[in-house]
file input_24.cif (mmCIF, C-alpha atoms)
data_data
#
loop_
_atom_site.group_PDB
_atom_site.id
_atom_site.type_symbol
_atom_site.label_atom_id
_atom_site.label_comp_id
_atom_site.auth_asym_id
_atom_site.auth_seq_id
_atom_site.Cartn_x
_atom_site.Cartn_y
_atom_site.Cartn_z
ATOM 1 C CA MET A 1 -28.328 11.121 0.574
ATOM 2 C CA ALA A 2 -25.678 12.373 -1.811
ATOM 3 C CA ARG A 3 -25.626 11.356 -5.415
ATOM 4 C CA THR A 4 -22.379 11.451 -7.289
ATOM 5 C CA GLY A 5 -21.711 12.294 -10.860
ATOM 6 C CA VAL A 6 -19.071 13.652 -13.168
ATOM 7 C CA GLY A 7 -18.473 17.362 -12.702
ATOM 8 C CA GLY A 8 -17.095 19.843 -15.165
ATOM 9 C CA GLY A 9 -13.588 18.574 -14.478
ATOM 10 C CA GLY A 10 -14.653 14.963 -14.428
ATOM 11 C CA ARG A 11 -14.073 14.056 -18.059
ATOM 12 C CA ALA A 12 -11.091 12.216 -19.409
ATOM 13 C CA ARG A 13 -8.797 14.765 -21.043
ATOM 14 C CA ALA A 14 -5.715 14.604 -23.157
ATOM 15 C CA ALA A 15 -2.537 14.893 -21.131
ATOM 16 C CA GLY A 16 -0.026 17.269 -22.637
ATOM 17 C CA GLY A 17 0.776 16.497 -26.239
ATOM 18 C CA SER A 18 0.800 12.738 -25.818
ATOM 19 C CA GLY A 19 -1.943 10.311 -26.648
ATOM 20 C CA SER A 20 -2.517 9.421 -23.018
ATOM 21 C CA ARG A 21 -5.488 10.766 -21.124
ATOM 22 C CA VAL A 22 -6.007 11.724 -17.524
ATOM 23 C CA LYS A 23 -9.222 10.624 -15.836
ATOM 24 C CA GLY A 24 -11.034 13.468 -14.126
ATOM 25 C CA ALA A 25 -12.331 13.318 -10.571
ATOM 26 C CA ARG A 26 -15.961 12.604 -9.831
ATOM 27 C CA ARG A 27 -17.355 15.368 -7.669
ATOM 28 C CA PRO A 28 -19.800 14.972 -4.814
ATOM 29 C CA GLU A 29 -23.313 16.202 -5.403
ATOM 30 C CA VAL A 30 -24.658 16.635 -1.892
ATOM 31 C CA ARG A 31 -28.385 17.264 -1.507
ATOM 32 C CA LEU A 32 -29.126 17.703 2.156
ATOM 33 C CA PRO A 33 -32.576 16.870 3.535
ATOM 34 C CA PRO A 34 -34.357 19.285 5.896
ATOM 35 C CA LEU A 35 -32.077 19.566 8.923
ATOM 36 C CA GLU A 36 -32.718 19.771 12.631
ATOM 37 C CA PRO A 37 -30.722 22.342 14.638
ATOM 38 C CA TYR A 38 -27.913 20.843 16.692
ATOM 39 C CA GLY A 39 -28.967 21.069 20.319
ATOM 40 C CA GLY A 40 -25.492 21.452 21.769
ATOM 41 C CA GLY A 41 -24.346 19.497 24.766
ATOM 42 C CA GLY A 42 -20.977 18.609 23.305
ATOM 43 C CA LEU A 43 -19.747 15.886 20.998
ATOM 44 C CA ALA A 44 -19.556 12.340 22.288
ATOM 45 C CA PRO A 45 -17.072 9.633 21.247
ATOM 46 C CA ASP A 46 -18.776 7.205 18.841
ATOM 47 C CA GLY A 47 -21.752 9.550 18.658
ATOM 48 C CA ASP A 48 -24.292 9.342 15.850
ATOM 49 C CA TYR A 49 -25.286 12.657 14.242
ATOM 50 C CA ASP A 50 -27.846 12.389 11.461
ATOM 51 C CA GLY A 51 -29.520 15.262 9.607
ATOM 52 C CA LEU A 52 -28.266 18.001 11.945
ATOM 53 C CA ASP A 53 -27.410 21.638 11.350
ATOM 54 C CA PHE A 54 -24.342 22.680 13.354
ATOM 55 C CA ARG A 55 -24.445 26.465 12.993
ATOM 56 C CA GLU A 56 -21.767 28.656 14.613
ATOM 57 C CA SER A 57 -21.083 25.917 17.139
ATOM 58 C CA ASP A 58 -17.888 26.102 19.180
ATOM 59 C CA LEU A 59 -16.666 22.510 19.265
ATOM 60 C CA SER A 60 -13.159 23.398 20.461
ATOM 61 C CA GLY A 61 -11.411 20.702 22.485
ATOM 62 C CA GLN A 62 -14.339 18.288 22.259
ATOM 63 C CA ASP A 63 -13.922 14.567 21.616
ATOM 64 C CA GLY A 64 -15.985 13.109 18.787
ATOM 65 C CA GLY A 65 -13.622 10.268 18.034
ATOM 66 C CA GLY A 66 -15.345 7.488 16.092
ATOM 67 C CA ALA A 67 -18.496 9.574 15.615
ATOM 68 C CA ARG A 68 -20.628 9.417 12.474
ATOM 69 C CA PHE A 69 -21.945 12.557 10.773
ATOM 70 C CA MET A 70 -24.520 11.754 8.095
ATOM 71 C CA ASP A 71 -26.409 14.367 6.033
ATOM 72 C CA CYS A 72 -25.106 17.169 8.251
ATOM 73 C CA ALA A 73 -24.198 20.816 7.719
ATOM 74 C CA LEU A 74 -21.468 22.492 9.739
ATOM 75 C CA SER A 75 -21.467 26.248 9.193
ATOM 76 C CA ALA A 76 -19.018 28.739 10.766
ATOM 77 C CA CYS A 77 -18.062 26.223 13.437
ATOM 78 C CA VAL A 78 -14.878 26.443 15.511
ATOM 79 C CA LEU A 79 -12.801 23.247 15.654
ATOM 80 C CA ASP A 80 -9.710 24.254 17.634
ATOM 81 C CA GLY A 81 -8.172 21.046 18.949
ATOM 82 C CA THR A 82 -11.342 19.080 18.210
ATOM 83 C CA ARG A 83 -10.730 15.319 18.239
ATOM 84 C CA LEU A 84 -12.503 13.546 15.396
ATOM 85 C CA HIS A 85 -10.092 10.677 14.814
ATOM 86 C CA HIS A 86 -11.730 7.606 13.229
ATOM 87 C CA ALA A 87 -14.829 9.718 12.572
ATOM 88 C CA ARG A 88 -17.001 9.275 9.483
ATOM 89 C CA LEU A 89 -18.275 12.333 7.629
ATOM 90 C CA LEU A 90 -20.747 11.241 4.970
ATOM 91 C CA ASP A 91 -22.938 13.239 2.563
ATOM 92 C CA SER A 92 -22.222 16.457 4.452
ATOM 93 C CA VAL A 93 -21.285 20.096 3.796
ATOM 94 C CA LEU A 94 -18.803 22.045 5.925
ATOM 95 C CA THR A 95 -18.818 25.785 5.251
ATOM 96 C CA GLY A 96 -16.635 28.464 6.807
ATOM 97 C CA ILE A 97 -15.223 26.228 9.515
ATOM 98 C CA ARG A 98 -12.046 27.331 11.260
ATOM 99 C CA GLY A 99 -9.656 25.721 13.679
ATOM 100 C CA VAL A 100 -6.099 24.876 14.611
ATOM 101 C CA GLY A 101 -4.961 21.340 15.373
ATOM 102 C CA THR A 102 -8.190 19.599 14.367
ATOM 103 C CA ASN A 103 -7.598 15.855 14.563
ATOM 104 C CA LEU A 104 -9.246 13.867 11.765
ATOM 105 C CA ALA A 105 -6.606 11.152 11.660
ATOM 106 C CA GLU A 106 -7.765 7.860 10.122
ATOM 107 C CA SER A 107 -11.204 9.332 9.487
ATOM 108 C CA THR A 108 -13.407 8.777 6.440
ATOM 109 C CA LEU A 109 -14.776 11.623 4.330
ATOM 110 C CA ARG A 110 -17.112 10.480 1.579
ATOM 111 C CA ASP A 111 -19.335 12.745 -0.527
ATOM 112 C CA VAL A 112 -18.237 15.826 1.388
ATOM 113 C CA GLU A 113 -17.913 19.482 0.431
ATOM 114 C CA LEU A 114 -15.517 21.659 2.432
ATOM 115 C CA VAL A 115 -16.029 25.314 1.524
ATOM 116 C CA ASP A 116 -14.065 28.408 2.580
ATOM 117 C CA ALA A 117 -12.284 26.715 5.478
ATOM 118 C CA ARG A 118 -9.572 28.422 7.540
ATOM 119 C CA LEU A 119 -7.581 25.614 9.105
ATOM 120 C CA GLY A 120 -4.086 25.096 10.439
ATOM 121 C CA GLY A 121 -2.256 21.932 11.369
ATOM 122 C CA THR A 122 -5.193 19.689 10.481
ATOM 123 C CA GLN A 123 -4.385 16.015 10.989
ATOM 124 C CA LEU A 124 -5.749 13.760 8.249
ATOM 125 C CA HIS A 125 -2.972 11.189 8.230
ATOM 126 C CA GLY A 126 -4.218 7.725 7.384
ATOM 127 C CA ALA A 127 -7.604 9.137 6.387
ATOM 128 C CA VAL A 128 -9.749 8.077 3.423
ATOM 129 C CA LEU A 129 -11.161 10.835 1.213
ATOM 130 C CA GLU A 130 -13.543 9.813 -1.564
ATOM 131 C CA ARG A 131 -15.596 12.193 -3.696
ATOM 132 C CA VAL A 132 -14.518 15.258 -1.743
ATOM 133 C CA LEU A 133 -14.529 18.875 -2.941
ATOM 134 C CA ILE A 134 -12.349 21.364 -1.067
ATOM 135 C CA ARG A 135 -13.259 24.786 -2.446
ATOM 136 C CA GLY A 136 -11.919 28.159 -1.385
ATOM 137 C CA GLY A 137 -10.260 29.014 1.900
ATOM 138 C CA LYS A 138 -6.757 28.442 3.197
ATOM 139 C CA ILE A 139 -5.300 25.399 4.924
ATOM 140 C CA ASP A 140 -1.848 25.544 6.508
ATOM 141 C CA TYR A 141 0.272 22.463 7.251
ATOM 142 C CA LEU A 142 -2.312 19.897 6.174
ATOM 143 C CA ASN A 143 -1.118 16.423 7.181
ATOM 144 C CA LEU A 144 -2.287 13.815 4.657
ATOM 145 C CA ARG A 145 0.530 11.345 5.232
ATOM 146 C CA GLN A 146 -0.458 7.763 4.342
ATOM 147 C CA ALA A 147 -3.943 8.982 3.384
ATOM 148 C CA ARG A 148 -5.956 7.646 0.443
ATOM 149 C CA LEU A 149 -7.517 10.229 -1.853
ATOM 150 C CA ARG A 150 -9.819 9.168 -4.665
ATOM 151 C CA ASP A 151 -11.957 11.587 -6.673
ATOM 152 C CA VAL A 152 -10.820 14.643 -4.719
ATOM 153 C CA VAL A 153 -10.860 18.202 -6.099
ATOM 154 C CA PHE A 154 -8.965 21.129 -4.579
ATOM 155 C CA GLN A 155 -10.473 24.246 -6.123
ATOM 156 C CA GLY A 156 -9.687 27.906 -5.553
ATOM 157 C CA CYS A 157 -7.925 27.237 -2.257
ATOM 158 C CA VAL A 158 -4.474 27.869 -0.827
ATOM 159 C CA LEU A 159 -2.531 24.937 0.621
ATOM 160 C CA VAL A 160 0.578 25.926 2.558
ATOM 161 C CA GLU A 161 3.098 23.112 3.081
ATOM 162 C CA PRO A 162 0.651 20.225 2.602
ATOM 163 C CA ASP A 163 2.193 16.846 3.396
ATOM 164 C CA PHE A 164 1.173 14.024 1.042
ATOM 165 C CA GLY A 165 4.017 11.777 2.207
ATOM 166 C CA GLY A 166 3.226 8.129 1.499
ATOM 167 C CA ALA A 167 -0.304 9.011 0.392
ATOM 168 C CA ARG A 168 -2.132 7.469 -2.565
ATOM 169 C CA LEU A 169 -3.781 9.954 -4.913
ATOM 170 C CA GLU A 170 -6.117 8.711 -7.635
ATOM 171 C CA ARG A 171 -8.165 11.046 -9.823
ATOM 172 C CA VAL A 172 -7.186 14.139 -7.837
ATOM 173 C CA GLU A 173 -7.437 17.611 -9.387
ATOM 174 C CA PHE A 174 -5.995 20.977 -8.394
ATOM 175 C CA LEU A 175 -7.974 23.804 -10.023
ATOM 176 C CA ASP A 176 -7.080 27.482 -9.482
ATOM 177 C CA CYS A 177 -5.357 26.241 -6.345
ATOM 178 C CA ALA A 178 -2.025 27.410 -4.908
ATOM 179 C CA LEU A 179 0.267 24.608 -3.722
ATOM 180 C CA LYS A 180 3.052 26.067 -1.599
ATOM 181 C CA SER A 181 5.955 23.759 -0.638
ATOM 182 C CA ALA A 182 4.002 20.527 -1.102
ATOM 183 C CA ASP A 183 5.692 17.293 -0.045
ATOM 184 C CA PHE A 184 4.985 14.187 -2.147
ATOM 185 C CA THR A 185 7.723 12.029 -0.642
ATOM 186 C CA ALA A 186 6.911 8.313 -1.116
ATOM 187 C CA ALA A 187 3.459 9.199 -2.506
ATOM 188 C CA THR A 188 1.758 7.288 -5.338
ATOM 189 C CA LEU A 189 -0.035 9.393 -7.928
ATOM 190 C CA THR A 190 -2.516 8.113 -10.524
ATOM 191 C CA ASP A 191 -4.445 10.473 -12.824
ATOM 192 C CA THR A 192 -3.438 13.428 -10.653
ATOM 193 C CA ASP A 193 -3.966 16.669 -12.561
ATOM 194 C CA LEU A 194 -1.777 19.557 -11.426
ATOM 195 C CA ARG A 195 -2.221 21.664 -14.557
ATOM 196 C CA GLY A 196 -4.807 23.946 -12.975
ATOM 197 C CA ALA A 197 -2.623 24.904 -10.018
ATOM 198 C CA THR A 198 -1.935 28.641 -10.028
ATOM 199 C CA GLU A 199 1.225 28.010 -8.012
ATOM 200 C CA LEU A 200 3.093 24.714 -7.904
ATOM 201 C CA GLY A 201 5.823 24.591 -5.289
ATOM 202 C CA ILE A 202 7.220 21.169 -4.468
ATOM 203 C CA ALA A 203 9.466 20.735 -1.445
ATOM 204 C CA GLY A 204 9.955 16.975 -1.727
ATOM 205 C CA GLY A 205 9.027 13.924 -3.751
ATOM 206 C CA LEU A 206 9.758 15.147 -7.262
ATOM 207 C CA ASP A 207 10.669 11.570 -8.089
ATOM 208 C CA ARG A 208 7.106 10.524 -7.207
ATOM 209 C CA LEU A 209 5.357 12.680 -9.800
ATOM 210 C CA SER A 210 5.009 9.800 -12.240
ATOM 211 C CA GLY A 211 1.273 9.494 -12.748
ATOM 212 C CA ALA A 212 0.749 13.254 -12.473
ATOM 213 C CA VAL A 213 0.082 15.682 -15.309
ATOM 214 C CA ILE A 214 1.582 19.176 -15.399
ATOM 215 C CA SER A 215 1.542 21.952 -17.980
ATOM 216 C CA THR A 216 4.438 23.085 -20.135
ATOM 217 C CA GLY A 217 4.702 26.301 -18.136
ATOM 218 C CA GLN A 218 4.842 24.375 -14.874
ATOM 219 C CA LEU A 219 7.567 22.165 -16.292
ATOM 220 C CA LEU A 220 9.637 25.244 -17.103
ATOM 221 C CA ASP A 221 9.049 26.630 -13.602
ATOM 222 C CA LEU A 222 10.143 23.329 -12.057
ATOM 223 C CA ALA A 223 13.183 22.955 -14.319
ATOM 224 C CA PRO A 224 15.721 24.334 -11.780
ATOM 225 C CA VAL A 225 14.394 22.078 -9.034
ATOM 226 C CA LEU A 226 14.349 19.066 -11.363
ATOM 227 C CA ALA A 227 17.916 19.793 -12.454
ATOM 228 C CA ALA A 228 19.055 19.987 -8.839
ATOM 229 C CA GLU A 229 17.206 16.759 -8.025
ATOM 230 C CA LEU A 230 18.935 14.961 -10.891
ATOM 231 C CA GLY A 231 22.325 16.473 -10.144
ATOM 232 C CA ILE A 232 22.437 18.363 -13.425
ATOM 233 C CA ARG A 233 24.630 21.436 -13.506
ATOM 234 C CA VAL A 234 23.243 24.170 -15.737
ATOM 235 C CA GLU A 235 25.698 26.729 -17.097
ATOM 236 C CA ASP A 236 25.438 29.423 -19.769
#
call {"tool": "encode", "arguments": {"input": "input_24.cif", "output": "structure tokens"}}
result
Amino acid sequence: MARTGVGGGGRARAAGGSGSRVKGARRPEVRLPPLEPYGGGGLAPDGDYDGLDFRESDLSGQDGGGARFMDCALSACVLDGTRLHHARLLDSVLTGIRGVGTNLAESTLRDVELVDARLGGTQLHGAVLERVLIRGGKIDYLNLRQARLRDVVFQGCVLVEPDFGGARLERVEFLDCALKSADFTAATLTDTDLRGATELGIAGGLDRLSGAVISTGQLLDLAPVLAAELGIRVED
């Protein structure tokens, strides 16, 4: 069973030069028990997977909708087109997974570590992410529309055109993470720390950044986009 605590980034810190403070995300601390090897046979809708080691399993095209994964490890698994909508991933570690079009819509991820993933077009719209660490790897076209993120850390990863449209972000941190053409349209941000992003590209939703914290350098980088958003003409 995972135990949660406050990680290195989980302390309240001063935001910019003001007296306000941003609350850091609580990180998962997953301690897996001894695991049994996954015996194969394919995922089953509403299946119950407890204490299993999925190692180099090809789960492409399988349907695990509504399934529960508890105290599991998924290592170097292939998830092309895997259907895991309404699934629950709890106290689990996913390492080196790869896949295109993985469907995790309206799923729940709680106390989960996702490490060195290579994913494209992953569907997490309407999902709930709580105490989740996404570290390393590259995720293209991540769909988090209408999702709820609380105590989530993106660390050392590359996110290409992530869609946070209508999502709620609370205590979310981006550390050494590249955000390329992120869309925050209609999103709600609370204690969202963008200062550690190595690249901050915003394609939509600049007006929704209230509740986020950025650095002075990031503000200068965003100045042309902010001016265009506000209809300000800048001339020398």
call {"tool": "resolve_selection", "arguments": {"input": "input_24.cif", "expression": "the PyMOL selection byres ((chain A and resi 150) around 6)", "output": "list in words"}}
result
Glu130, Leu149, Asp151, Val152, Glu170 and Arg171 of chain A
call {"tool": "residues_near_point", "arguments": {"input": "input_24.cif", "point": "(-21.5, 17.6, 10.2)", "cutoff": "6 Å", "atoms": "only C-alpha atoms", "output": "ChimeraX atom specification"}}
result
/A:69,72-74,92
call {"tool": "atom_distance", "arguments": {"input": "input_24.cif", "atom1": "atom CA of A:Glu36", "atom2": "atom CA of A:Val112"}}
result
18.8 Å
call {"tool": "atom_distance", "arguments": {"input": "input_24.cif", "atom1": "atom CA of A:Asp58", "atom2": "atom CA of A:Arg145"}}
result
27.4 Å
call {"tool": "closest_residue", "arguments": {"input": "input_24.cif", "among": "A:Leu59, A:Val225, A:Leu114, A:Leu52", "to": "A:Gly205", "atoms": "only C-alpha atoms"}}
result
A:Val225
call {"tool": "resolve_selection", "arguments": {"input": "input_24.cif", "expression": "the PyMOL selection byres ((chain A and resi 76-81) around 6)", "output": "MDAnalysis selection string"}}
result
chainID A and resid 56:61 75 82 96:102
call {"tool": "resolve_selection", "arguments": {"input": "input_24.cif", "expression": "the PyMOL selection byres ((chain A and resi 89) around 10)", "output": "NGL selection string"}}
result
:A and (49 or 67-72 or 84 or 86-88 or 90-94 or 107-112 or 129)
call {"tool": "closest_residue", "arguments": {"input": "input_24.cif", "among": "A:Leu206, A:Leu220, A:Leu133, A:Cys157", "to": "A:Thr185", "atoms": "all atoms listed in the file"}}
result
A:Leu206
call {"tool": "atom_distance", "arguments": {"input": "input_24.cif", "atom1": "atom CA of A:Val30", "atom2": "atom CA of A:Val172"}}
result
18.6 Å
call {"tool": "closest_residue", "arguments": {"input": "input_24.cif", "among": "A:Gly39, A:Pro162, A:Gly65, A:Gly51", "to": "A:Ala182", "atoms": "all atoms listed in the file"}}
result
A:Pro162
call {"tool": "closest_residue", "arguments": {"input": "input_24.cif", "among": "A:Asp191, A:Asp116, A:Asp53, A:Asp46", "to": "A:Lys23", "atoms": "only C-alpha atoms"}}
result
A:Asp191
call {"tool": "closest_residue", "arguments": {"input": "input_24.cif", "among": "A:Ala105, A:Leu222, A:Leu179, A:Val153", "to": "A:Thr192", "atoms": "all atoms listed in the file"}}
result
A:Val153
call {"tool": "residues_around", "arguments": {"input": "input_24.cif", "residues": "A:Leu209", "least_positions_apart": "3", "cutoff": "12 Å", "atoms": "only C-alpha atoms", "output": "list in words"}}
result
Phe164, Arg168, Leu169, Ala182, Asp183, Phe184, Thr185, Ala186, Ala187, Thr188, Leu189, Thr190, Asp191, Thr192, Asp193, Leu194, Ile202, Gly204, Gly205, Leu206, Ala212, Val213, Ile214, Leu219, Leu222 and Leu226 of chain A
call {"tool": "closest_residue", "arguments": {"input": "input_24.cif", "among": "A:Gln62, A:Gly211, A:Val22, A:Arg27", "to": "A:Gly40", "atoms": "only C-alpha atoms"}}
result
A:Gln62
call {"tool": "residues_around", "arguments": {"input": "input_24.cif", "residues": "A:Ala223", "least_positions_apart": "4", "cutoff": "12 Å", "atoms": "all atoms listed in the file", "output": "PyMOL selection string"}}
result
chain A and resi 201-202+206+216-219+227-234
call {"tool": "decode", "arguments": {"input": "input_24.cif", "residues": "stretch 200-211 of chain A", "atoms": "all heavy atoms", "output": "PDB file, in the first residue's frame"}}
result
ATOM      1  N   LEU A 200       7.926  26.849 -21.887  1.00  0.00           N
ATOM      2  CA  LEU A 200       6.529  27.126 -21.574  1.00  0.00           C
ATOM      3  C   LEU A 200       5.867  27.742 -22.799  1.00  0.00           C
ATOM      4  O   LEU A 200       5.939  28.944 -23.025  1.00  0.00           O
ATOM      5  CB  LEU A 200       6.422  28.057 -20.362  1.00  0.00           C
ATOM      6  CG  LEU A 200       5.010  28.426 -19.895  1.00  0.00           C
ATOM      7  CD1 LEU A 200       4.200  27.181 -19.579  1.00  0.00           C
ATOM      8  CD2 LEU A 200       5.060  29.352 -18.686  1.00  0.00           C
ATOM      9  N   GLY A 201       5.241  26.889 -23.597  1.00  0.00           N
ATOM     10  CA  GLY A 201       4.520  27.351 -24.772  1.00  0.00           C
ATOM     11  C   GLY A 201       3.036  27.162 -24.564  1.00  0.00           C
ATOM     12  O   GLY A 201       2.580  26.051 -24.279  1.00  0.00           O
ATOM     13  N   ILE A 202       2.281  28.234 -24.672  1.00  0.00           N
ATOM     14  CA  ILE A 202       0.844  28.179 -24.400  1.00  0.00           C
ATOM     15  C   ILE A 202       0.081  28.550 -25.665  1.00  0.00           C
ATOM     16  O   ILE A 202       0.233  29.656 -26.199  1.00  0.00           O
ATOM     17  CB  ILE A 202       0.468  29.115 -23.237  1.00  0.00           C
ATOM     18  CG1 ILE A 202       1.203  28.665 -21.970  1.00  0.00           C
ATOM     19  CG2 ILE A 202      -1.038  29.113 -23.006  1.00  0.00           C
ATOM     20  CD1 ILE A 202       0.928  29.518 -20.758  1.00  0.00           C
ATOM     21  N   ALA A 203      -0.725  27.605 -26.135  1.00  0.00           N
ATOM     22  CA  ALA A 203      -1.474  27.807 -27.377  1.00  0.00           C
ATOM     23  C   ALA A 203      -2.851  28.399 -27.129  1.00  0.00           C
ATOM     24  O   ALA A 203      -3.453  28.966 -28.038  1.00  0.00           O
ATOM     25  CB  ALA A 203      -1.607  26.477 -28.127  1.00  0.00           C
ATOM     26  N   GLY A 204      -3.379  28.249 -25.922  1.00  0.00           N
ATOM     27  CA  GLY A 204      -4.704  28.760 -25.611  1.00  0.00           C
ATOM     28  C   GLY A 204      -4.933  28.814 -24.123  1.00  0.00           C
ATOM     29  O   GLY A 204      -4.302  28.090 -23.351  1.00  0.00           O
ATOM     30  N   GLY A 205      -5.807  29.708 -23.693  1.00  0.00           N
ATOM     31  CA  GLY A 205      -6.171  29.786 -22.285  1.00  0.00           C
ATOM     32  C   GLY A 205      -5.265  30.663 -21.449  1.00  0.00           C
ATOM     33  O   GLY A 205      -5.183  30.476 -20.227  1.00  0.00           O
ATOM     34  N   LEU A 206      -4.612  31.644 -22.079  1.00  0.00           N
ATOM     35  CA  LEU A 206      -3.799  32.567 -21.286  1.00  0.00           C
ATOM     36  C   LEU A 206      -4.623  33.266 -20.213  1.00  0.00           C
ATOM     37  O   LEU A 206      -4.120  33.578 -19.133  1.00  0.00           O
ATOM     38  CB  LEU A 206      -3.153  33.603 -22.197  1.00  0.00           C
ATOM     39  CG  LEU A 206      -1.893  33.179 -22.958  1.00  0.00           C
ATOM     40  CD1 LEU A 206      -1.547  34.225 -24.005  1.00  0.00           C
ATOM     41  CD2 LEU A 206      -0.724  32.967 -22.007  1.00  0.00           C
ATOM     42  N   ASP A 207      -5.887  33.502 -20.514  1.00  0.00           N
ATOM     43  CA  ASP A 207      -6.754  34.176 -19.556  1.00  0.00           C
ATOM     44  C   ASP A 207      -7.112  33.298 -18.369  1.00  0.00           C
ATOM     45  O   ASP A 207      -7.717  33.768 -17.417  1.00  0.00           O
ATOM     46  CB  ASP A 207      -8.037  34.637 -20.259  1.00  0.00           C
ATOM     47  CG  ASP A 207      -8.825  33.486 -20.856  1.00  0.00           C
ATOM     48  OD1 ASP A 207      -8.193  32.536 -21.374  1.00  0.00           O
ATOM     49  OD2 ASP A 207     -10.064  33.518 -20.813  1.00  0.00           O
ATOM     50  N   ARG A 208      -6.712  32.021 -18.402  1.00  0.00           N
ATOM     51  CA  ARG A 208      -7.035  31.100 -17.313  1.00  0.00           C
ATOM     52  C   ARG A 208      -5.846  30.845 -16.390  1.00  0.00           C
ATOM     53  O   ARG A 208      -5.920  29.972 -15.527  1.00  0.00           O
ATOM     54  CB  ARG A 208      -7.519  29.755 -17.889  1.00  0.00           C
ATOM     55  CG  ARG A 208      -8.645  29.875 -18.897  1.00  0.00           C
ATOM     56  CD  ARG A 208      -9.879  30.499 -18.301  1.00  0.00           C
ATOM     57  NE  ARG A 208     -10.426  29.662 -17.228  1.00  0.00           N
ATOM     58  CZ  ARG A 208     -11.581  29.899 -16.617  1.00  0.00           C
ATOM     59  NH1 ARG A 208     -12.285  30.969 -16.941  1.00  0.00           N
ATOM     60  NH2 ARG A 208     -12.027  29.087 -15.672  1.00  0.00           N
ATOM     61  N   LEU A 209      -4.775  31.603 -16.564  1.00  0.00           N
ATOM     62  CA  LEU A 209      -3.571  31.355 -15.775  1.00  0.00           C
ATOM     63  C   LEU A 209      -3.624  31.959 -14.382  1.00  0.00           C
ATOM     64  O   LEU A 209      -2.659  31.834 -13.619  1.00  0.00           O
ATOM     65  CB  LEU A 209      -2.339  31.866 -16.513  1.00  0.00           C
ATOM     66  CG  LEU A 209      -1.952  31.099 -17.781  1.00  0.00           C
ATOM     67  CD1 LEU A 209      -0.637  31.621 -18.330  1.00  0.00           C
ATOM     68  CD2 LEU A 209      -1.870  29.601 -17.530  1.00  0.00           C
ATOM     69  N   SER A 210      -4.713  32.613 -14.027  1.00  0.00           N
ATOM     70  CA  SER A 210      -4.873  33.067 -12.654  1.00  0.00           C
ATOM     71  C   SER A 210      -4.853  31.838 -11.741  1.00  0.00           C
ATOM     72  O   SER A 210      -5.550  30.861 -11.974  1.00  0.00           O
ATOM     73  CB  SER A 210      -6.208  33.803 -12.498  1.00  0.00           C
ATOM     74  OG  SER A 210      -6.433  34.151 -11.153  1.00  0.00           O
ATOM     75  N   GLY A 211      -4.034  31.894 -10.723  1.00  0.00           N
ATOM     76  CA  GLY A 211      -3.868  30.729  -9.856  1.00  0.00           C
ATOM     77  C   GLY A 211      -2.607  29.957 -10.174  1.00  0.00           C
ATOM     78  O   GLY A 211      -2.252  29.024  -9.466  1.00  0.00           O
TER      79      GLY A 211
END
